[in-house]
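Student: File name target-v1.pdb; file contents PDB, C-alpha atoms and all ligand atoms; full text below.
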ATOM      1  CA  MET A   1       2.312 -19.661 -14.337  1.00  0.00           C
ATOM      2  CA  SER A   2       4.674 -17.353 -12.477  1.00  0.00           C
ATOM      3  CA  LYS A   3       6.825 -17.507  -9.376  1.00  0.00           C
ATOM      4  CA  ILE A   4       5.830 -14.497  -7.315  1.00  0.00           C
ATOM      5  CA  LEU A   5       7.251 -12.853  -4.209  1.00  0.00           C
ATOM      6  CA  ILE A   6       4.858 -10.889  -2.023  1.00  0.00           C
ATOM      7  CA  THR A   7       6.993  -8.770   0.254  1.00  0.00           C
ATOM      8  CA  TYR A   8       5.720  -6.313   2.822  1.00  0.00           C
ATOM      9  CA  SER A   9       6.525  -4.039   5.708  1.00  0.00           C
ATOM     10  CA  THR A  10       4.192  -3.350   8.620  1.00  0.00           C
ATOM     11  CA  ASN A  11       3.947  -1.274  11.751  1.00  0.00           C
ATOM     12  CA  SER A  12       1.202  -3.115  13.635  1.00  0.00           C
ATOM     13  CA  GLY A  13       0.877  -6.380  11.715  1.00  0.00           C
ATOM     14  CA  SER A  14      -2.261  -5.965   9.619  1.00  0.00           C
ATOM     15  CA  THR A  15      -0.437  -5.483   6.296  1.00  0.00           C
ATOM     16  CA  ALA A  16       1.206  -8.893   6.817  1.00  0.00           C
ATOM     17  CA  GLU A  17      -2.268 -10.450   6.800  1.00  0.00           C
ATOM     18  CA  VAL A  18      -3.125  -8.579   3.600  1.00  0.00           C
ATOM     19  CA  ALA A  19       0.072  -9.917   1.989  1.00  0.00           C
ATOM     20  CA  ALA A  20      -0.876 -13.463   3.050  1.00  0.00           C
ATOM     21  CA  ALA A  21      -4.364 -13.098   1.536  1.00  0.00           C
ATOM     22  CA  ILE A  22      -2.847 -11.908  -1.765  1.00  0.00           C
ATOM     23  CA  ALA A  23      -0.462 -14.882  -1.807  1.00  0.00           C
ATOM     24  CA  ALA A  24      -3.308 -17.312  -1.116  1.00  0.00           C
ATOM     25  CA  GLU A  25      -5.323 -15.919  -4.010  1.00  0.00           C
ATOM     26  CA  LEU A  26      -2.346 -16.096  -6.396  1.00  0.00           C
ATOM     27  CA  ASN A  27      -1.581 -19.667  -5.327  1.00  0.00           C
ATOM     28  CA  GLN A  28      -5.198 -20.604  -5.882  1.00  0.00           C
ATOM     29  CA  ALA A  29      -4.925 -19.192  -9.401  1.00  0.00           C
ATOM     30  CA  GLY A  30      -2.083 -21.640 -10.083  1.00  0.00           C
ATOM     31  CA  HIS A  31       0.916 -19.372  -9.497  1.00  0.00           C
ATOM     32  CA  THR A  32       3.610 -20.098  -6.926  1.00  0.00           C
ATOM     33  CA  ALA A  33       3.506 -17.205  -4.472  1.00  0.00           C
ATOM     34  CA  GLU A  34       5.682 -16.773  -1.385  1.00  0.00           C
ATOM     35  CA  VAL A  35       5.284 -14.153   1.354  1.00  0.00           C
ATOM     36  CA  LYS A  36       8.294 -12.568   3.041  1.00  0.00           C
ATOM     37  CA  PRO A  37       8.804  -9.495   5.214  1.00  0.00           C
ATOM     38  CA  ILE A  38      10.979  -6.972   3.379  1.00  0.00           C
ATOM     39  CA  ALA A  39      13.801  -7.540   5.871  1.00  0.00           C
ATOM     40  CA  GLN A  40      14.014 -11.172   4.682  1.00  0.00           C
ATOM     41  CA  ALA A  41      13.683 -10.528   0.946  1.00  0.00           C
ATOM     42  CA  ALA A  42      17.220 -10.057  -0.299  1.00  0.00           C
ATOM     43  CA  ASP A  43      17.497 -12.263  -3.397  1.00  0.00           C
ATOM     44  CA  LEU A  44      14.871 -11.645  -6.071  1.00  0.00           C
ATOM     45  CA  SER A  45      16.513 -13.679  -8.824  1.00  0.00           C
ATOM     46  CA  ALA A  46      14.128 -16.643  -8.453  1.00  0.00           C
ATOM     47  CA  TYR A  47      10.965 -14.587  -9.016  1.00  0.00           C
ATOM     48  CA  ASP A  48       9.191 -13.571 -12.221  1.00  0.00           C
ATOM     49  CA  ALA A  49       7.060 -11.025 -10.400  1.00  0.00           C
ATOM     50  CA  VAL A  50       7.200  -9.072  -7.138  1.00  0.00           C
ATOM     51  CA  VAL A  51       4.300  -7.549  -5.202  1.00  0.00           C
ATOM     52  CA  ILE A  52       5.385  -4.954  -2.624  1.00  0.00           C
ATOM     53  CA  GLY A  53       3.040  -3.784   0.103  1.00  0.00           C
ATOM     54  CA  ALA A  54       3.236  -1.404   3.052  1.00  0.00           C
ATOM     55  CA  PRO A  55       1.014   0.789   5.198  1.00  0.00           C
ATOM     56  CA  MET A  56       0.947   4.567   4.887  1.00  0.00           C
ATOM     57  CA  ILE A  57       3.111   5.588   7.850  1.00  0.00           C
ATOM     58  CA  PHE A  58       4.435   9.080   7.094  1.00  0.00           C
ATOM     59  CA  GLY A  59       4.105   8.190   3.424  1.00  0.00           C
ATOM     60  CA  TRP A  60       4.357   4.639   2.089  1.00  0.00           C
ATOM     61  CA  GLN A  61       6.401   3.075   4.894  1.00  0.00           C
ATOM     62  CA  ALA A  62      10.097   3.879   4.499  1.00  0.00           C
ATOM     63  CA  ALA A  63      11.181   0.209   4.395  1.00  0.00           C
ATOM     64  CA  ALA A  64       9.108  -0.340   1.231  1.00  0.00           C
ATOM     65  CA  ARG A  65      10.484   2.767  -0.461  1.00  0.00           C
ATOM     66  CA  SER A  66      14.061   1.726   0.363  1.00  0.00           C
ATOM     67  CA  PHE A  67      13.376  -1.808  -0.897  1.00  0.00           C
ATOM     68  CA  LEU A  68      12.189  -0.420  -4.240  1.00  0.00           C
ATOM     69  CA  LYS A  69      15.188   1.892  -4.468  1.00  0.00           C
ATOM     70  CA  ARG A  70      17.680  -0.801  -3.468  1.00  0.00           C
ATOM     71  CA  HIS A  71      16.333  -3.360  -5.955  1.00  0.00           C
ATOM     72  CA  ALA A  72      15.360  -0.955  -8.768  1.00  0.00           C
ATOM     73  CA  ALA A  73      17.694  -2.483 -11.355  1.00  0.00           C
ATOM     74  CA  GLU A  74      16.579  -6.049 -10.574  1.00  0.00           C
ATOM     75  CA  LEU A  75      12.894  -5.102 -10.464  1.00  0.00           C
ATOM     76  CA  ALA A  76      12.820  -3.028 -13.667  1.00  0.00           C
ATOM     77  CA  PRO A  77      12.556  -6.031 -16.069  1.00  0.00           C
ATOM     78  CA  LYS A  78      10.146  -7.941 -13.781  1.00  0.00           C
ATOM     79  CA  LYS A  79       6.391  -7.620 -13.360  1.00  0.00           C
ATOM     80  CA  VAL A  80       5.831  -5.483 -10.273  1.00  0.00           C
ATOM     81  CA  ALA A  81       2.665  -4.499  -8.420  1.00  0.00           C
ATOM     82  CA  LEU A  82       2.419  -2.255  -5.373  1.00  0.00           C
ATOM     83  CA  PHE A  83      -0.160  -1.935  -2.640  1.00  0.00           C
ATOM     84  CA  ALA A  84      -0.666   0.368   0.299  1.00  0.00           C
ATOM     85  CA  CYS A  85      -2.926   0.078   3.332  1.00  0.00           C
ATOM     86  CA  ALA A  86      -4.312   3.341   4.648  1.00  0.00           C
ATOM     87  CA  MET A  87      -7.053   4.879   6.753  1.00  0.00           C
ATOM     88  CA  ARG A  88      -7.787   7.859   4.540  1.00  0.00           C
ATOM     89  CA  LEU A  89      -7.318   8.749   0.890  1.00  0.00           C
ATOM     90  CA  THR A  90      -8.486  12.084  -0.487  1.00  0.00           C
ATOM     91  CA  ARG A  91      -9.125  12.277  -4.202  1.00  0.00           C
ATOM     92  CA  VAL A  92      -8.603  15.901  -5.171  1.00  0.00           C
ATOM     93  CA  PRO A  93     -10.252  16.844  -8.473  1.00  0.00           C
ATOM     94  CA  ALA A  94      -7.702  17.911 -11.118  1.00  0.00           C
ATOM     95  CA  GLU A  95      -4.740  16.865  -8.937  1.00  0.00           C
ATOM     96  CA  PRO A  96      -1.903  15.916 -11.332  1.00  0.00           C
ATOM     97  CA  LEU A  97      -1.176  12.196 -10.952  1.00  0.00           C
ATOM     98  CA  PRO A  98       1.528   9.914 -12.354  1.00  0.00           C
ATOM     99  CA  ALA A  99       0.264   7.705 -15.196  1.00  0.00           C
ATOM    100  CA  VAL A 100      -0.023   4.340 -13.466  1.00  0.00           C
ATOM    101  CA  PRO A 101      -2.933   1.850 -13.344  1.00  0.00           C
ATOM    102  CA  LEU A 102      -4.701   2.394 -10.025  1.00  0.00           C
ATOM    103  CA  MET A 103      -7.149   0.385  -7.927  1.00  0.00           C
ATOM    104  CA  LEU A 104      -8.660   2.363  -5.069  1.00  0.00           C
ATOM    105  CA  ASP A 105     -10.854   0.703  -2.475  1.00  0.00           C
ATOM    106  CA  PRO A 106     -14.007   2.833  -2.860  1.00  0.00           C
ATOM    107  CA  ASN A 107     -14.662   2.753   0.896  1.00  0.00           C
ATOM    108  CA  LEU A 108     -11.272   4.361   1.525  1.00  0.00           C
ATOM    109  CA  VAL A 109     -11.704   7.255  -0.876  1.00  0.00           C
ATOM    110  CA  SER A 110     -13.191  10.575   0.160  1.00  0.00           C
ATOM    111  CA  GLU A 111     -13.549  13.930  -1.571  1.00  0.00           C
ATOM    112  CA  PRO A 112     -12.211  17.232  -0.157  1.00  0.00           C
ATOM    113  CA  LEU A 113     -14.783  19.565   1.380  1.00  0.00           C
ATOM    114  CA  LYS A 114     -13.505  22.546  -0.654  1.00  0.00           C
ATOM    115  CA  PRO A 115     -11.320  21.326  -3.537  1.00  0.00           C
ATOM    116  CA  GLY A 116      -9.753  24.797  -3.932  1.00  0.00           C
ATOM    117  CA  SER A 117      -8.702  25.057  -0.302  1.00  0.00           C
ATOM    118  CA  LEU A 118      -7.536  21.766   1.183  1.00  0.00           C
ATOM    119  CA  THR A 119      -7.340  21.174   4.915  1.00  0.00           C
ATOM    120  CA  LEU A 120      -4.130  19.808   6.489  1.00  0.00           C
ATOM    121  CA  LYS A 121      -5.688  16.335   6.667  1.00  0.00           C
ATOM    122  CA  GLU A 122      -6.709  16.455   3.010  1.00  0.00           C
ATOM    123  CA  ARG A 123      -3.271  17.610   1.843  1.00  0.00           C
ATOM    124  CA  PHE A 124      -1.477  14.883   3.814  1.00  0.00           C
ATOM    125  CA  THR A 125      -3.771  12.160   2.482  1.00  0.00           C
ATOM    126  CA  SER A 126      -4.229  13.130  -1.160  1.00  0.00           C
ATOM    127  CA  LEU A 127      -3.671  10.466  -3.785  1.00  0.00           C
ATOM    128  CA  GLY A 128      -0.903  12.483  -5.431  1.00  0.00           C
ATOM    129  CA  TYR A 129       0.838  13.091  -2.096  1.00  0.00           C
ATOM    130  CA  TYR A 130       0.836   9.331  -1.459  1.00  0.00           C
ATOM    131  CA  LEU A 131       1.666   8.185  -4.960  1.00  0.00           C
ATOM    132  CA  LYS A 132       4.526  10.415  -6.079  1.00  0.00           C
ATOM    133  CA  PRO A 133       7.124   9.271  -3.492  1.00  0.00           C
ATOM    134  CA  MET A 134       6.091   5.628  -4.001  1.00  0.00           C
ATOM    135  CA  LEU A 135       6.901   5.826  -7.702  1.00  0.00           C
ATOM    136  CA  ALA A 136       9.853   8.187  -7.325  1.00  0.00           C
ATOM    137  CA  ALA A 137      11.638   5.575  -5.206  1.00  0.00           C
ATOM    138  CA  ALA A 138      12.418   3.644  -8.421  1.00  0.00           C
ATOM    139  CA  PRO A 139      11.479   5.540 -11.608  1.00  0.00           C
ATOM    140  CA  SER A 140      12.719   2.657 -13.800  1.00  0.00           C
ATOM    141  CA  VAL A 141      10.134   0.310 -12.256  1.00  0.00           C
ATOM    142  CA  ARG A 142       6.756   0.561 -13.990  1.00  0.00           C
ATOM    143  CA  PRO A 143       4.155  -1.157 -11.781  1.00  0.00           C
ATOM    144  CA  LEU A 144       1.403  -2.993 -13.618  1.00  0.00           C
ATOM    145  CA  SER A 145      -0.966  -1.932 -10.848  1.00  0.00           C
ATOM    146  CA  VAL A 146      -0.938   0.167  -7.677  1.00  0.00           C
ATOM    147  CA  ALA A 147      -3.680  -0.542  -5.140  1.00  0.00           C
ATOM    148  CA  PHE A 148      -4.791   1.384  -2.079  1.00  0.00           C
ATOM    149  CA  PHE A 149      -6.663  -0.746   0.443  1.00  0.00           C
ATOM    150  CA  ASN A 150      -8.570   0.242   3.514  1.00  0.00           C
ATOM    151  CA  GLY A 151      -6.445  -0.778   6.514  1.00  0.00           C
ATOM    152  CA  GLN A 152      -6.664  -1.486  10.191  1.00  0.00           C
ATOM    153  CA  LEU A 153      -5.955   0.934  13.010  1.00  0.00           C
ATOM    154  CA  ASP A 154      -5.536  -0.408  16.523  1.00  0.00           C
ATOM    155  CA  MET A 155      -4.521   2.381  18.900  1.00  0.00           C
ATOM    156  CA  ARG A 156      -3.394  -0.163  21.515  1.00  0.00           C
ATOM    157  CA  ARG A 157      -0.568  -1.223  19.195  1.00  0.00           C
ATOM    158  CA  LEU A 158       0.770   2.325  18.667  1.00  0.00           C
ATOM    159  CA  LYS A 159       3.315   4.414  20.500  1.00  0.00           C
ATOM    160  CA  TRP A 160       1.791   7.616  21.922  1.00  0.00           C
ATOM    161  CA  TRP A 161       3.331   9.857  19.269  1.00  0.00           C
ATOM    162  CA  GLN A 162       2.090   7.584  16.477  1.00  0.00           C
ATOM    163  CA  ALA A 163      -1.411   7.674  17.922  1.00  0.00           C
ATOM    164  CA  ALA A 164      -1.187  11.469  18.197  1.00  0.00           C
ATOM    165  CA  PHE A 165      -0.251  11.808  14.487  1.00  0.00           C
ATOM    166  CA  VAL A 166      -3.039   9.498  13.340  1.00  0.00           C
ATOM    167  CA  MET A 167      -5.615  11.263  15.484  1.00  0.00           C
ATOM    168  CA  ILE A 168      -4.544  14.846  14.785  1.00  0.00           C
ATOM    169  CA  VAL A 169      -3.368  14.781  11.163  1.00  0.00           C
ATOM    170  CA  VAL A 170      -5.005  11.754   9.510  1.00  0.00           C
ATOM    171  CA  GLN A 171      -8.051  11.951  11.816  1.00  0.00           C
ATOM    172  CA  ALA A 172      -8.634   8.225  11.364  1.00  0.00           C
ATOM    173  CA  VAL A 173     -11.258   6.307  13.325  1.00  0.00           C
ATOM    174  CA  PRO A 174      -9.800   3.093  14.819  1.00  0.00           C
ATOM    175  CA  GLY A 175     -11.151  -0.195  13.495  1.00  0.00           C
ATOM    176  CA  ASP A 176     -10.541  -2.961  10.972  1.00  0.00           C
ATOM    177  CA  TYR A 177     -11.716  -1.731   7.575  1.00  0.00           C
ATOM    178  CA  ARG A 178      -9.907  -4.266   5.424  1.00  0.00           C
ATOM    179  CA  ASP A 179     -12.153  -5.460   2.601  1.00  0.00           C
ATOM    180  CA  TRP A 180     -10.962  -9.000   1.944  1.00  0.00           C
ATOM    181  CA  GLU A 181     -13.124  -9.396  -1.122  1.00  0.00           C
ATOM    182  CA  TYR A 182     -11.652  -6.269  -2.665  1.00  0.00           C
ATOM    183  CA  ILE A 183      -8.109  -7.382  -1.758  1.00  0.00           C
ATOM    184  CA  ARG A 184      -8.659 -10.828  -3.295  1.00  0.00           C
ATOM    185  CA  ALA A 185     -10.196  -9.300  -6.428  1.00  0.00           C
ATOM    186  CA  TRP A 186      -7.089  -7.169  -6.901  1.00  0.00           C
ATOM    187  CA  ALA A 187      -4.818 -10.187  -6.386  1.00  0.00           C
ATOM    188  CA  LYS A 188      -6.852 -12.125  -8.942  1.00  0.00           C
ATOM    189  CA  ALA A 189      -6.625  -9.277 -11.469  1.00  0.00           C
ATOM    190  CA  VAL A 190      -2.848  -9.024 -10.928  1.00  0.00           C
ATOM    191  CA  GLY A 191      -2.511 -12.798 -11.287  1.00  0.00           C
ATOM    192  CA  GLU A 192      -4.292 -12.698 -14.627  1.00  0.00           C
ATOM    193  CA  ARG A 193      -1.680 -10.263 -15.929  1.00  0.00           C
ATOM    194  CA  LEU A 194       1.320 -12.412 -14.977  1.00  0.00           C
TER
HETATM  195  C1  LIG A 201       2.465   6.795  12.700  1.00  0.00           C
HETATM  196  C2  LIG A 201       1.342   6.465  11.769  1.00  0.00           C
HETATM  197  C3  LIG A 201       1.119   7.262  10.659  1.00  0.00           C
HETATM  198  C4  LIG A 201       0.064   6.984   9.791  1.00  0.00           C
HETATM  199  N1  LIG A 201      -0.137   7.784   8.710  1.00  0.00           N
HETATM  200  C5  LIG A 201      -1.178   7.548   7.899  1.00  0.00           C
HETATM  201  C6  LIG A 201      -1.422   8.370   6.780  1.00  0.00           C
HETATM  202  O1  LIG A 201      -0.682   9.315   6.494  1.00  0.00           O
HETATM  203  N2  LIG A 201      -2.504   8.085   6.016  1.00  0.00           N
HETATM  204  C7  LIG A 201      -3.345   7.042   6.288  1.00  0.00           C
HETATM  205  O2  LIG A 201      -4.314   6.866   5.569  1.00  0.00           O
HETATM  206  N3  LIG A 201      -3.106   6.205   7.316  1.00  0.00           N
HETATM  207  C8  LIG A 201      -2.055   6.440   8.128  1.00  0.00           C
HETATM  208  N4  LIG A 201      -1.821   5.598   9.174  1.00  0.00           N
HETATM  209  C9  LIG A 201      -2.684   4.426   9.368  1.00  0.00           C
HETATM  210  C10 LIG A 201      -2.043   3.141   8.838  1.00  0.00           C
HETATM  211  O3  LIG A 201      -1.549   3.307   7.536  1.00  0.00           O
HETATM  212  C11 LIG A 201      -3.072   1.996   8.841  1.00  0.00           C
HETATM  213  O4  LIG A 201      -3.595   1.874  10.138  1.00  0.00           O
HETATM  214  C12 LIG A 201      -2.482   0.686   8.343  1.00  0.00           C
HETATM  215  O5  LIG A 201      -3.515  -0.198   7.974  1.00  0.00           O
HETATM  216  C13 LIG A 201      -1.608   0.028   9.403  1.00  0.00           C
HETATM  217  O6  LIG A 201      -1.012  -1.118   8.865  1.00  0.00           O
HETATM  218  P1  LIG A 201      -0.121  -2.118   9.775  1.00  0.00           P
HETATM  219  O7  LIG A 201      -1.087  -2.744  10.760  1.00  0.00           O
HETATM  220  O8  LIG A 201       0.436  -3.087   8.817  1.00  0.00           O
HETATM  221  O9  LIG A 201       0.919  -1.306  10.434  1.00  0.00           O
HETATM  222  C14 LIG A 201      -0.772   5.863  10.046  1.00  0.00           C
HETATM  223  C15 LIG A 201      -0.527   5.038  11.151  1.00  0.00           C
HETATM  224  C16 LIG A 201       0.522   5.331  11.998  1.00  0.00           C
HETATM  225  C17 LIG A 201       0.778   4.439  13.179  1.00  0.00           C
END
Mind turning the file's structure into structure tokens?
Tutor:
Amino acid sequence: MSKILITYSTNSGSTAEVAAAIAAELNQAGHTAEVKPIAQAADLSAYDAVVIGAPMIFGWQAAARSFLKRHAAELAPKKVALFACAMRLTRVPAEPLPAVPLMLDPNLVSEPLKPGSLTLKERFTSLGYYLKPMLAAAPSVRPLSVAFFNGQLDMRRLKWWQAAFVMIVVQAVPGDYRDWEYIRAWAKAVGERL
């Protein structure tokens, strides 16, 4: 059984609840999982495995990318899994993707209207567009799984310019789309590989 850190960043709070659900599932499976916001996760030496999660906020939120970059050397020999919460994910046929095991919430995924001529929204939400900077943050870290979960969008918690971006570019419909069963299933699958 492993000692696992689940560390996350969040803009509006919902990714923290996803991190807590993942920890609960891993603890139930017999591991020892702790949840910490990225700002409080400085020392990783005690952990066998690290799960890093963040929402898509102009890419995988910057705090998560900097965490990966900052701790790349420490994380490289450990088991690492990544997750992202998002409101839209476009799977573009034939889009070149990094070779990494993926779990995509099927209710999050949509197909482009015309695969040969992507709209702005489709380009900014394609799987490759999301994934490449996540992995490029620490090329020496090889995640055992990368998951994309359906997230939560609450316009009341956003600044006006954030709301404008989400409405105009992502074109997301506010609501809580988190699929707890899917999230727990991913946590269970990760736990079985630790
Ligand atoms: C400024 C901003 C930018 C966002 N950009 C994207 C995006 O590019 N793609 C996407 O699917 N969701 C995007 N979202 C939606 C969030 O990723 C989603 O609502 C997430 O679940 C929020 O998590 P949180 O409650 O932990 O902040 C954006 C939200 C905000 C506020």
Student: Identify all residues satisfying the PyMOL selection byres (((not hetatm)) within 6 of (chain A and resi 201)) in the given file; provide them as a PyMOL selection string.
Tutor: chain A and resi 10-15+55-59+85-89+125+151-153+158+162+165-166+170
Student: Got a sec to resolve the PyMOL selection byres (((chain A and resi 134) around 10) and not hetatm) on this structure and send the residues as a list in words?
Tutor: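 This file, filtered by the PyMOL selection byres (((chain A and resi 134) around 10) and not hetatm), leaves Gly59, Trp60, Gln61, Ala62, Ala64, Arg65, Ser66, Leu68, Lys69, Leu82, Phe83, Ala84, Gly128, Tyr129, Tyr130, Leu131, Lys132, Pro133, Leu135, Ala136, Ala137, Ala138, Pro139 and Val146 of chain A.
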Student: Given the PyMOL selection byres (((chain A and resi 21) around 10) and not hetatm) and the file above, list the residues it selects as a ChimeraX atom specification.
Tutor: /A:15-20,22-27,35,180-181,183-184,187
Student: Quote the spacing between CA of Ile38 in chain A and CA of Ala54 in chain A in Å to one decimal place.
Tutor: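 Rounded to one decimal, the two atoms are 9.5 Å apart.
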Student: Padding of 8 Å on every side, edges along x, y and z, all listed atoms of range 161-173 of chain A included: what centre and edge lengths in Å, to one decimal, does that box have, as AutoDock Vina command-line options?
Tutor:
--center_x -4.0 --center_y 10.6 --center_z 14.4 --size_x 30.6 --size_y 24.5 --size_z 25.8
Student: Let me make sure I understand: among A:Val50, A:Leu127, A:Met155, A:Ala29, which one has the smallest atom-to-atom distance to Pro98 in chain A if we use only C-alpha atoms?
Tutor: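 Comparing A:Val50, A:Leu127, A:Met155, A:Ala29 against Pro98 in chain A, the winner is A:Leu127.
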Student: What gap, in Å, lies between CA of Leu5 in chain A and CA of Leu75 in chain A?
Tutor: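 Result for CA of Leu5 in chain A versus CA of Leu75 in chain A: 11.4 Å, one decimal.
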Student: Nearest to Leu120 in chain A: which of A:Ala94, A:Ala76, A:Ile168, A:Leu104 is it, counting all atoms listed in the file?
Tutor: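 The shortest atom-to-atom distance to Leu120 in chain A comes from A:Ile168.
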Student: Mind checking which residues fall within 7 Å of Arg91 in chain A, counting only C-alpha atoms, ignoring those fewer than 5 positions away in the same chain, and posting them as number ranges by chain?
Tutor: A: 109-111, 126-127
Student: Could you list, as a PyMOL selection string, every residue within 9 Å of Val190 in chain A, counting all atoms listed in the file and ignoring same-chain residues fewer than 6 positions away?
Tutor: chain A and resi 26+81+144-145
Student: Compare A:Gln28, A:Asn107, A:Asn150, A:Ser2 by their minimum atom-to-atom distance to Lys78 in chain A, counting only C-alpha atoms, and give me the closest one.
Tutor: A:Ser2
Student: So how far away is CA of Gly53 in chain A from CA of Tyr8 in chain A, in Å?
Tutor: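 Spanning CA of Tyr8 in chain A to CA of Gly53 in chain A is a straight-line distance of 4.6 Å.
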Student: I need every residue sitting at most 6 Å from the point (14.8, -7.4, -2.3) (coordinates as in the file, only C-alpha atoms considered), written as an MDAnalysis selection string.
Tutor: chainID A and resid 41:44 67 71
Student: Could you check the closest approach to Ala172 in chain A for each of A:Pro77, A:Glu122, A:Val141, A:Lys159 and tell me which residue wins, using all atoms listed in the file?
Tutor: A:Glu122
